[in-house]
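Pasting input.cif here (mmCIF, C-alpha atoms):
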```cif
data_target
#
loop_
_atom_site.label_atom_id
_atom_site.label_comp_id
_atom_site.auth_asym_id
_atom_site.auth_seq_id
_atom_site.Cartn_x
_atom_site.Cartn_y
_atom_site.Cartn_z
CA MET Q 1 -18.44 15.99 -17.12
CA ASP Q 2 -20.83 13.26 -18.16
CA SER Q 3 -19.46 10.07 -16.84
CA ILE Q 4 -18.87 10.03 -13.10
CA PHE Q 5 -17.92 6.89 -11.22
CA ILE Q 6 -18.25 6.47 -7.48
CA VAL Q 7 -15.70 3.94 -6.27
CA ILE Q 8 -16.50 2.17 -3.00
CA PRO Q 9 -13.88 -0.18 -1.57
CA SER Q 10 -15.41 -2.79 0.66
CA TYR Q 11 -13.93 -5.35 3.00
CA ASN Q 12 -16.20 -7.56 5.12
CA GLU Q 13 -19.01 -5.01 5.05
CA GLY Q 14 -22.51 -6.33 5.65
CA GLU Q 15 -25.90 -4.65 5.43
CA VAL Q 16 -24.26 -1.22 5.66
CA LEU Q 17 -22.76 -1.70 2.18
CA ARG Q 18 -26.22 -2.35 0.79
CA ASP Q 19 -27.54 0.75 2.59
CA THR Q 20 -24.75 2.90 1.17
CA VAL Q 21 -25.15 1.65 -2.40
CA SER Q 22 -28.96 1.89 -2.16
CA SER Q 23 -28.74 5.51 -1.07
CA LEU Q 24 -26.67 6.32 -4.16
CA GLN Q 25 -29.07 4.63 -6.64
CA SER Q 26 -31.02 7.77 -7.49
CA LEU Q 27 -27.90 9.74 -8.46
CA PRO Q 28 -26.92 9.88 -12.14
CA TYR Q 29 -23.53 8.28 -11.46
CA GLU Q 30 -22.03 4.86 -12.02
CA ILE Q 31 -21.37 3.00 -8.78
CA VAL Q 32 -18.39 0.66 -8.52
CA VAL Q 33 -17.99 -1.62 -5.52
CA VAL Q 34 -14.57 -3.22 -5.18
CA ASP Q 35 -14.83 -6.16 -2.81
CA ASP Q 36 -11.34 -6.54 -1.43
CA GLY Q 37 -11.43 -10.31 -0.97
CA SER Q 38 -14.03 -10.23 1.82
CA LYS Q 39 -14.58 -13.43 3.76
CA VAL Q 40 -18.30 -13.04 3.24
CA ASP Q 41 -19.54 -12.64 -0.31
CA SER Q 42 -20.54 -8.97 -0.58
CA ARG Q 43 -22.05 -9.75 -3.96
CA LEU Q 44 -25.06 -11.10 -2.06
CA MET Q 45 -25.50 -7.70 -0.40
CA LEU Q 46 -25.86 -6.02 -3.77
CA ALA Q 47 -28.49 -8.20 -5.45
CA GLY Q 48 -30.88 -6.17 -7.57
CA LEU Q 49 -28.96 -2.91 -7.25
CA ARG Q 50 -27.52 -0.83 -10.08
CA VAL Q 51 -23.83 -1.35 -9.48
CA HIS Q 52 -20.57 -2.52 -11.04
CA TYR Q 53 -19.20 -5.31 -8.89
CA LEU Q 54 -15.51 -6.20 -8.83
CA ARG Q 55 -13.85 -8.64 -6.51
CA HIS Q 56 -10.22 -9.15 -5.59
CA PRO Q 57 -9.71 -12.93 -5.30
CA LEU Q 58 -7.38 -12.18 -2.35
CA ASN Q 59 -7.40 -9.37 0.20
CA LEU Q 60 -4.90 -6.66 -0.75
CA GLY Q 61 -5.91 -3.57 1.21
CA GLN Q 62 -7.90 -0.39 0.70
CA GLY Q 63 -5.31 1.36 -1.46
CA ALA Q 64 -5.25 -1.56 -3.88
CA ALA Q 65 -9.06 -1.68 -3.99
CA LEU Q 66 -9.27 2.03 -4.81
CA GLN Q 67 -6.71 1.65 -7.57
CA THR Q 68 -8.60 -1.30 -9.06
CA GLY Q 69 -11.77 0.81 -9.04
CA MET Q 70 -9.98 3.72 -10.69
CA ASP Q 71 -8.42 1.50 -13.38
CA TYR Q 72 -11.85 0.05 -14.09
CA ALA Q 73 -13.48 3.49 -14.26
CA LEU Q 74 -10.78 4.74 -16.64
CA GLU Q 75 -11.32 1.73 -18.85
CA LYS Q 76 -15.04 2.54 -18.93
CA GLY Q 77 -14.31 6.11 -19.99
CA ALA Q 78 -14.88 7.91 -16.70
CA ASP Q 79 -14.46 11.70 -16.66
CA ALA Q 80 -14.16 11.70 -12.89
CA VAL Q 81 -14.02 9.32 -9.96
CA ILE Q 82 -15.24 9.87 -6.43
CA HIS Q 83 -13.82 7.83 -3.54
CA PHE Q 84 -16.62 6.99 -1.16
CA ASP Q 85 -16.65 4.88 2.00
CA ALA Q 86 -18.77 1.76 2.29
CA ASP Q 87 -19.59 2.19 5.93
CA GLY Q 88 -21.89 5.17 5.62
CA GLN Q 89 -19.65 7.82 7.13
CA HIS Q 90 -19.62 9.97 4.00
CA ASP Q 91 -22.61 12.12 3.10
CA LEU Q 92 -23.83 11.86 -0.47
CA ASN Q 93 -25.07 15.46 -0.24
CA ASP Q 94 -21.42 16.53 -0.28
CA ILE Q 95 -20.83 15.02 -3.73
CA PRO Q 96 -22.01 18.10 -5.70
CA THR Q 97 -19.46 20.22 -3.79
CA PHE Q 98 -16.69 17.93 -5.05
CA LEU Q 99 -17.96 17.99 -8.62
CA ASN Q 100 -18.27 21.79 -8.55
CA ALA Q 101 -14.65 22.07 -7.48
CA LEU Q 102 -13.63 19.82 -10.39
CA GLU Q 103 -15.71 21.95 -12.78
CA ASN Q 104 -13.91 25.00 -11.46
CA GLY Q 105 -10.53 23.68 -12.45
CA ALA Q 106 -9.26 21.44 -9.65
CA ASP Q 107 -7.74 18.10 -10.68
CA VAL Q 108 -8.12 16.54 -7.25
CA VAL Q 109 -10.61 17.51 -4.58
CA LEU Q 110 -10.10 16.35 -0.99
CA GLY Q 111 -12.70 16.45 1.75
CA SER Q 112 -11.80 18.18 4.99
CA ARG Q 113 -13.40 18.10 8.41
CA PHE Q 114 -11.45 21.14 9.53
CA LEU Q 115 -12.89 23.83 7.26
CA ARG Q 116 -16.15 24.28 9.19
CA ALA Q 117 -16.46 24.37 12.95
CA SER Q 118 -19.72 22.42 12.72
CA ASP Q 119 -17.97 19.50 10.95
CA LEU Q 120 -15.17 19.46 13.47
CA GLU Q 121 -17.68 18.98 16.29
CA HIS Q 122 -18.52 15.56 14.86
CA VAL Q 123 -14.92 14.42 15.15
CA PRO Q 124 -14.19 12.67 18.46
CA LYS Q 125 -11.65 14.54 20.61
CA GLY Q 126 -8.95 11.85 20.58
CA LYS Q 127 -9.27 11.56 16.84
CA ARG Q 128 -8.62 15.28 16.31
CA LEU Q 129 -5.26 15.00 17.98
CA LEU Q 130 -4.35 11.99 15.85
CA LEU Q 131 -5.43 13.82 12.69
CA ARG Q 132 -3.28 16.82 13.57
CA GLY Q 133 -0.30 14.48 13.85
CA ALA Q 134 -1.17 12.80 10.56
CA LYS Q 135 -1.44 16.21 8.84
CA ILE Q 136 2.09 17.04 9.87
CA ILE Q 137 3.44 13.66 8.76
CA ASN Q 138 1.67 14.07 5.42
CA GLY Q 139 3.19 17.51 5.02
CA ILE Q 140 6.69 16.32 5.80
CA PHE Q 141 6.49 13.28 3.53
CA THR Q 142 4.71 14.88 0.60
CA GLY Q 143 5.20 18.63 0.73
CA ILE Q 144 1.43 19.14 0.53
CA TRP Q 145 0.05 20.83 3.62
CA LEU Q 146 -3.66 20.27 4.11
CA THR Q 147 -6.18 21.06 6.83
CA ASP Q 148 -7.17 17.40 7.24
CA ALA Q 149 -5.74 13.95 6.71
CA HIS Q 150 -7.07 10.57 5.69
CA ASN Q 151 -10.81 10.93 5.56
CA GLY Q 152 -11.06 9.05 2.29
CA PHE Q 153 -13.60 11.35 0.59
CA ARG Q 154 -11.94 12.51 -2.66
CA ALA Q 155 -12.71 13.35 -6.27
CA LEU Q 156 -10.32 13.06 -9.19
CA ASN Q 157 -10.69 14.17 -12.78
CA ARG Q 158 -9.45 12.16 -15.75
CA LYS Q 159 -6.09 13.91 -15.82
CA ALA Q 160 -5.54 12.94 -12.18
CA LEU Q 161 -6.70 9.38 -12.78
CA GLU Q 162 -4.19 8.97 -15.57
CA ALA Q 163 -1.39 10.37 -13.41
CA ILE Q 164 -2.10 8.43 -10.23
CA ASP Q 165 -1.13 4.82 -9.71
CA LEU Q 166 -1.25 3.75 -6.07
CA THR Q 167 1.32 1.15 -5.10
CA GLU Q 168 0.76 1.31 -1.36
CA ASN Q 169 -1.79 -1.45 -1.02
CA ARG Q 170 -2.70 -0.74 2.56
CA MET Q 171 -3.59 2.47 4.39
CA ALA Q 172 -0.39 4.35 3.53
CA HIS Q 173 -2.05 5.01 0.16
CA ALA Q 174 -3.69 8.08 1.69
CA THR Q 175 -0.30 9.74 2.04
CA GLU Q 176 1.06 8.22 -1.16
CA ILE Q 177 -1.75 9.81 -3.15
CA LEU Q 178 -0.54 13.23 -1.97
CA SER Q 179 3.02 12.46 -3.13
CA LEU Q 180 1.68 11.45 -6.53
CA ILE Q 181 -0.43 14.63 -6.74
CA LYS Q 182 2.66 16.67 -5.99
CA ALA Q 183 4.83 14.76 -8.48
CA ALA Q 184 2.25 15.16 -11.27
CA LYS Q 185 1.72 18.85 -10.35
CA LEU Q 186 -2.04 18.36 -10.09
CA LYS Q 187 -4.23 21.16 -8.82
CA VAL Q 188 -5.63 20.31 -5.38
CA GLN Q 189 -8.58 21.84 -3.60
CA GLU Q 190 -10.08 21.06 -0.21
CA VAL Q 191 -13.81 21.22 0.37
CA PRO Q 192 -15.71 20.92 3.65
CA VAL Q 193 -17.33 17.56 4.39
CA THR Q 194 -19.42 16.20 7.20
CA ILE Q 195 -18.29 12.81 8.44
CA ARG Q 196 -20.77 10.74 10.40
CA TYR Q 197 -19.13 8.77 13.15
CA THR Q 198 -21.47 5.92 13.87
CA GLU Q 199 -20.67 3.19 16.34
CA TYR Q 200 -20.23 0.88 13.36
CA SER Q 201 -17.79 3.10 11.47
CA GLN Q 202 -15.88 3.71 14.69
CA ALA Q 203 -15.48 0.00 15.26
CA LYS Q 204 -14.56 -0.61 11.61
CA GLY Q 205 -12.32 2.41 11.49
CA GLN Q 206 -8.68 2.51 12.30
CA LYS Q 207 -7.26 2.06 15.71
CA TRP Q 208 -4.64 4.62 16.65
CA THR Q 209 -2.00 1.88 16.77
CA ASN Q 210 -2.57 1.36 13.07
CA SER Q 211 -1.37 4.88 12.36
CA ILE Q 212 2.04 3.75 13.56
CA ASN Q 213 1.89 0.91 11.06
CA ILE Q 214 1.04 3.42 8.34
CA LEU Q 215 4.07 5.46 9.33
CA ILE Q 216 6.28 2.37 9.13
CA ASP Q 217 4.80 1.49 5.72
CA LEU Q 218 5.67 4.99 4.56
CA ILE Q 219 9.24 4.83 5.78
CA LEU Q 220 9.69 1.38 4.23
CA SER Q 221 8.32 2.61 0.93
CA LYS Q 222 10.87 5.41 0.93
CA LEU Q 223 13.67 2.89 1.54
CA PHE Q 224 12.74 0.27 -1.04
CA MET X 1 44.83 -31.34 8.49
CA SER X 2 42.32 -32.19 11.22
CA TRP X 3 39.00 -33.93 10.54
CA ILE X 4 37.00 -30.78 11.35
CA GLN X 5 38.88 -28.87 8.66
CA LEU X 6 38.13 -31.63 6.18
CA LEU X 7 34.45 -31.56 7.13
CA LEU X 8 34.28 -27.76 6.74
CA ILE X 9 35.99 -27.87 3.36
CA VAL X 10 33.60 -30.57 2.08
CA GLY X 11 30.68 -28.46 3.37
CA LEU X 12 31.95 -25.29 1.71
CA VAL X 13 32.55 -27.03 -1.61
CA LEU X 14 29.03 -28.49 -1.57
CA LEU X 15 27.49 -25.10 -0.68
CA GLY X 16 29.54 -23.51 -3.46
CA PHE X 17 28.11 -25.94 -6.01
CA LEU X 18 24.60 -25.39 -4.62
CA ALA X 19 24.98 -21.60 -4.95
CA GLY X 20 26.22 -22.07 -8.52
CA LEU X 21 23.15 -24.17 -9.31
CA VAL X 22 20.62 -21.84 -7.66
CA LEU X 23 22.01 -18.66 -9.19
CA ARG X 24 21.23 -19.54 -12.77
CA ASN X 25 22.03 -16.85 -15.32
CA LYS X 26 23.53 -14.65 -12.62
CA LEU X 27 27.22 -14.36 -13.43
CA PHE X 28 27.92 -11.73 -10.79
CA GLY X 29 26.25 -13.76 -8.05
CA ARG X 30 28.08 -16.92 -9.13
CA LEU X 31 31.45 -15.20 -9.15
CA PHE X 32 30.76 -13.52 -5.80
CA PHE X 33 29.69 -16.69 -4.03
CA THR X 34 32.44 -18.81 -5.61
CA GLY X 35 34.91 -16.21 -4.34
CA MET X 36 33.36 -16.25 -0.86
CA PHE X 37 33.47 -20.03 -0.60
CA LEU X 38 37.07 -20.10 -1.85
CA LEU X 39 37.96 -17.51 0.77
CA GLY X 40 36.20 -19.68 3.35
CA ILE X 41 38.29 -22.68 2.33
CA ILE X 42 41.47 -20.61 2.56
CA PHE X 43 40.51 -19.49 6.08
CA VAL X 44 39.76 -23.07 7.09
CA VAL X 45 43.12 -24.33 5.82
CA TRP X 46 45.10 -21.42 7.32
CA PRO X 47 43.04 -20.26 10.34
CA ASP X 48 45.72 -17.81 11.50
CA LEU X 49 45.11 -15.75 8.37
CA THR X 50 41.86 -14.30 9.79
CA THR X 51 43.65 -13.09 12.90
CA ALA X 52 46.47 -11.58 10.86
CA LEU X 53 43.89 -9.82 8.69
CA ALA X 54 41.92 -8.64 11.75
CA GLN X 55 44.98 -7.15 13.37
CA LEU X 56 45.90 -5.48 10.12
CA ILE X 57 42.66 -3.47 10.20
CA GLY X 58 42.61 -2.91 13.96
CA VAL X 59 40.29 -5.70 15.18
CA ASN X 60 41.70 -8.00 17.82
CA ARG X 61 40.70 -11.52 16.90
CA GLY X 62 39.93 -13.22 13.61
CA THR X 63 36.65 -14.57 15.04
CA ASP X 64 35.56 -10.99 15.82
CA LEU X 65 36.25 -9.92 12.26
CA LEU X 66 34.24 -12.85 10.91
CA LEU X 67 31.38 -12.02 13.29
CA TYR X 68 31.24 -8.41 12.06
CA LEU X 69 31.24 -9.48 8.45
CA LEU X 70 28.56 -12.07 9.22
CA ILE X 71 26.29 -9.42 10.81
CA ILE X 72 26.61 -7.22 7.74
CA ALA X 73 25.99 -10.16 5.43
CA VAL X 74 22.88 -11.27 7.37
CA PHE X 75 21.35 -7.79 7.30
CA PHE X 76 22.17 -7.30 3.64
CA GLY X 77 20.65 -10.69 2.81
CA GLY X 78 17.54 -9.87 4.86
CA LEU X 79 17.02 -6.54 3.12
CA CYS X 80 17.40 -8.20 -0.27
CA ILE X 81 14.65 -10.63 0.68
CA VAL X 82 12.38 -7.79 1.87
CA ALA X 83 12.92 -5.95 -1.41
CA LYS X 84 12.17 -9.14 -3.34
CA CYS X 85 8.98 -9.65 -1.32
CA ARG X 86 7.79 -6.14 -2.12
CA GLN X 87 8.43 -6.79 -5.78
CA GLN X 88 6.43 -10.03 -5.62
CA ASP X 89 3.58 -8.27 -3.77
CA ARG X 90 3.49 -5.68 -6.51
CA ARG X 91 3.28 -8.32 -9.21
CA MET X 92 0.56 -10.19 -7.35
CA THR X 93 -1.41 -6.96 -6.93
CA LEU X 94 -1.30 -6.28 -10.66
CA LEU X 95 -2.41 -9.84 -11.39
CA ILE X 96 -5.31 -9.68 -8.92
CA ARG X 97 -6.34 -6.30 -10.35
CA LYS X 98 -6.43 -7.74 -13.87
CA LEU X 99 -8.55 -10.66 -12.69
CA ALA X 100 -10.96 -8.39 -10.79
CA ILE X 101 -11.48 -6.17 -13.83
CA ARG X 102 -11.77 -9.11 -16.21
CA ASP X 103 -14.41 -10.79 -14.04
CA SER X 104 -16.38 -7.63 -13.21
CA GLU X 105 -20.16 -7.88 -13.19
CA ILE X 106 -22.72 -5.19 -13.88
CA ASN X 107 -25.87 -5.33 -11.70
CA PRO X 108 -25.24 -8.74 -10.09
CA LYS X 109 -28.33 -10.89 -9.63
#
```
Kindly present the structure from the file in C-alpha cells form.
Amino acid sequence: MDSIFIVIPSYNEGEVLRDTVSSLQSLPYEIVVVDDGSKVDSRLMLAGLRVHYLRHPLNLGQGAALQTGMDYALEKGADAVIHFDADGQHDLNDIPTFLNALENGADVVLGSRFLRASDLEHVPKGKRLLLRGAKIINGIFTGIWLTDAHNGFRALNRKALEAIDLTENRMAHATEILSLIKAAKLKVQEVPVTIRYTEYSQAKGQKWTNSINILIDLILSKLF
Amino acid sequence: MSWIQLLLIVGLVLLGFLAGLVLRNKLFGRLFFTGMFLLGIIFVVWPDLTTALAQLIGVNRGTDLLLYLLIIAVFFGGLCIVAKCRQQDRRMTLLIRKLAIRDSEINPK
C-alpha cells in the first residue's frame, strides 16, 4: 500500500485542529481535512501545513464529511483511508496497527477501547455504560457484533472504499457503515486503540441525549 | 341548496383546479385528487350520504367517518413530505460534496 490518506472531518475546531494536523506532518501519508461548513474558517488554522483542504459550503454532519473525504481520496488514487478525529483524541501511534491489519487481509479495521484493560481505564464510567448499549443496538441493526461502538478510528482499503457510500449525514453513519460492511461482505477486524479523553474532546463530544437522536435517525432510515 | 353548500362547492372546485395545476405531469395524482374533490362535492350536496356510508361500515356518524379518513390522509401526507425532504437532503449532500471536491486546495496558504 503506497498511497494512504488520513481523513479528518472538522466542524468548528480551533487550534486543536492545527495541533492534530501538525502532529501528522512527519508521517508519509496524505492528510485530508474536510471542513464541514464551520462558522470559523478552519483554512486559517492550516496555513503552511501539508494538507488537502476541502470545505462543505453548508454544514451537513460528520458522516457526510467522512464520505466527502473518502470520495476525494478515491479520486486521488488512495489505496487506503484512515478516519481520524480532529480533536486530538486519537493516537497517531495506533495508525501502524491499523495498516498492519489491512496488510494482513482485512478490508475494514475498527478501533476498539475494549480489547485492552488499560485502554478501558481511560473511558469514563458513564460512557462505558452508554457504549455497551450502543454495541447492542449496532448488533441488532447491522448483524455485526463488535467489542466497541462509535469511536471513529477506522481504516478502509480500496475495496471497502468502493463499496461504502454513507448516506447518513449525521452521527448515525457510525452504525450505517457497519450495515454497509455487512452488505458488501467486507472482512472486518478490530484492533486495540487508546482514546485520550481531554476536557476539550469531552465538551466537543456527544452528549448522551444525542445517542437517542442517533437511534431515531436509524429507525427513520429503516422506514424511508 | 343553502349558501354554505354553495360556498363549499365553489371552494372545492377551486381547490380541484389548483391541484390539477400543481400536479403537472402526474396523471395518477390528478385523477386521485379530481376524484376526491368530486366526492367532496357529492357529500356537500347530499350530506346524509356520509352517515349512510358510515353506518354501512359500522361507524355511527358521517362526521366520525370523515374525521377518521382525515387523520389517515394527514399522516399519509406528512410522511410523503418527510420522504421528499430526505430525498432533497440527499441531493443537496451530493451537490455540496461535488463543490467541496471541485474547490479543494492542496497546502492552503
Report as CSV the residues of chain Q within 6 Å of chain X, each with its shortest atom pair and distance in Å (one decimal), using only C-alpha atoms, ordered by chain and increasing residue number.
```
residue,atom,partner,partner_atom,distance
Q:Ala47,CA,X:Lys109,CA,5.0
Q:Gly48,CA,X:Lys109,CA,5.7
Q:Leu49,CA,X:Asn107,CA,5.9
Q:Arg50,CA,X:Asn107,CA,5.1
Q:Val51,CA,X:Asn107,CA,5.0
Q:His52,CA,X:Ile106,CA,4.5
Q:Tyr53,CA,X:Glu105,CA,5.1
Q:Leu54,CA,X:Ser104,CA,4.7
Q:Arg55,CA,X:Ala100,CA,5.2
Q:His56,CA,X:Ala100,CA,5.3
Q:Thr68,CA,X:Arg97,CA,5.6
```
Q: Convert the output of the PyMOL selection byres ((chain X and resi 1) around 12) on the shown file into explicit residues, formatted as a list in words.
A: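 Taken over the shown coordinates, the PyMOL selection byres ((chain X and resi 1) around 12) returns Ser2, Trp3, Ile4, Gln5, Leu6, Leu7, Leu8, Ile9, Val44, Val45, Trp46 and Pro47 of chain X.
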(Q) Could you tell me how far CA of Val191 in chain Q sits from CA of Ala106 in chain Q, in Å to one decimal place? (A)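 A separation of 11.0 Å between them.
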I'd like a table as CSV: residues in range 27-51 of chain X with an atom no more than 8 Å from range 12-20 of chain X, each row giving the shortest atom pair and its distance in Å to one decimal, all atoms listed in the file counted, sorted by chain and rising residue number.
```
residue,atom,partner,partner_atom,distance
X:Arg30,CA,X:Gly20,CA,5.5
X:Phe33,CA,X:Gly16,CA,6.8
X:Thr34,CA,X:Gly16,CA,5.9
X:Phe37,CA,X:Leu12,CA,5.9
X:Gly40,CA,X:Leu12,CA,7.2
X:Ile41,CA,X:Leu12,CA,6.9
```
Q: For the structure shown, which residues end up in the PyMOL selection byres ((chain Q and resi 37-44) around 6)? Put them as a VMD selection string, please?
A: chain Q and resid 11 to 12 35 to 36 45 to 47 56 to 59
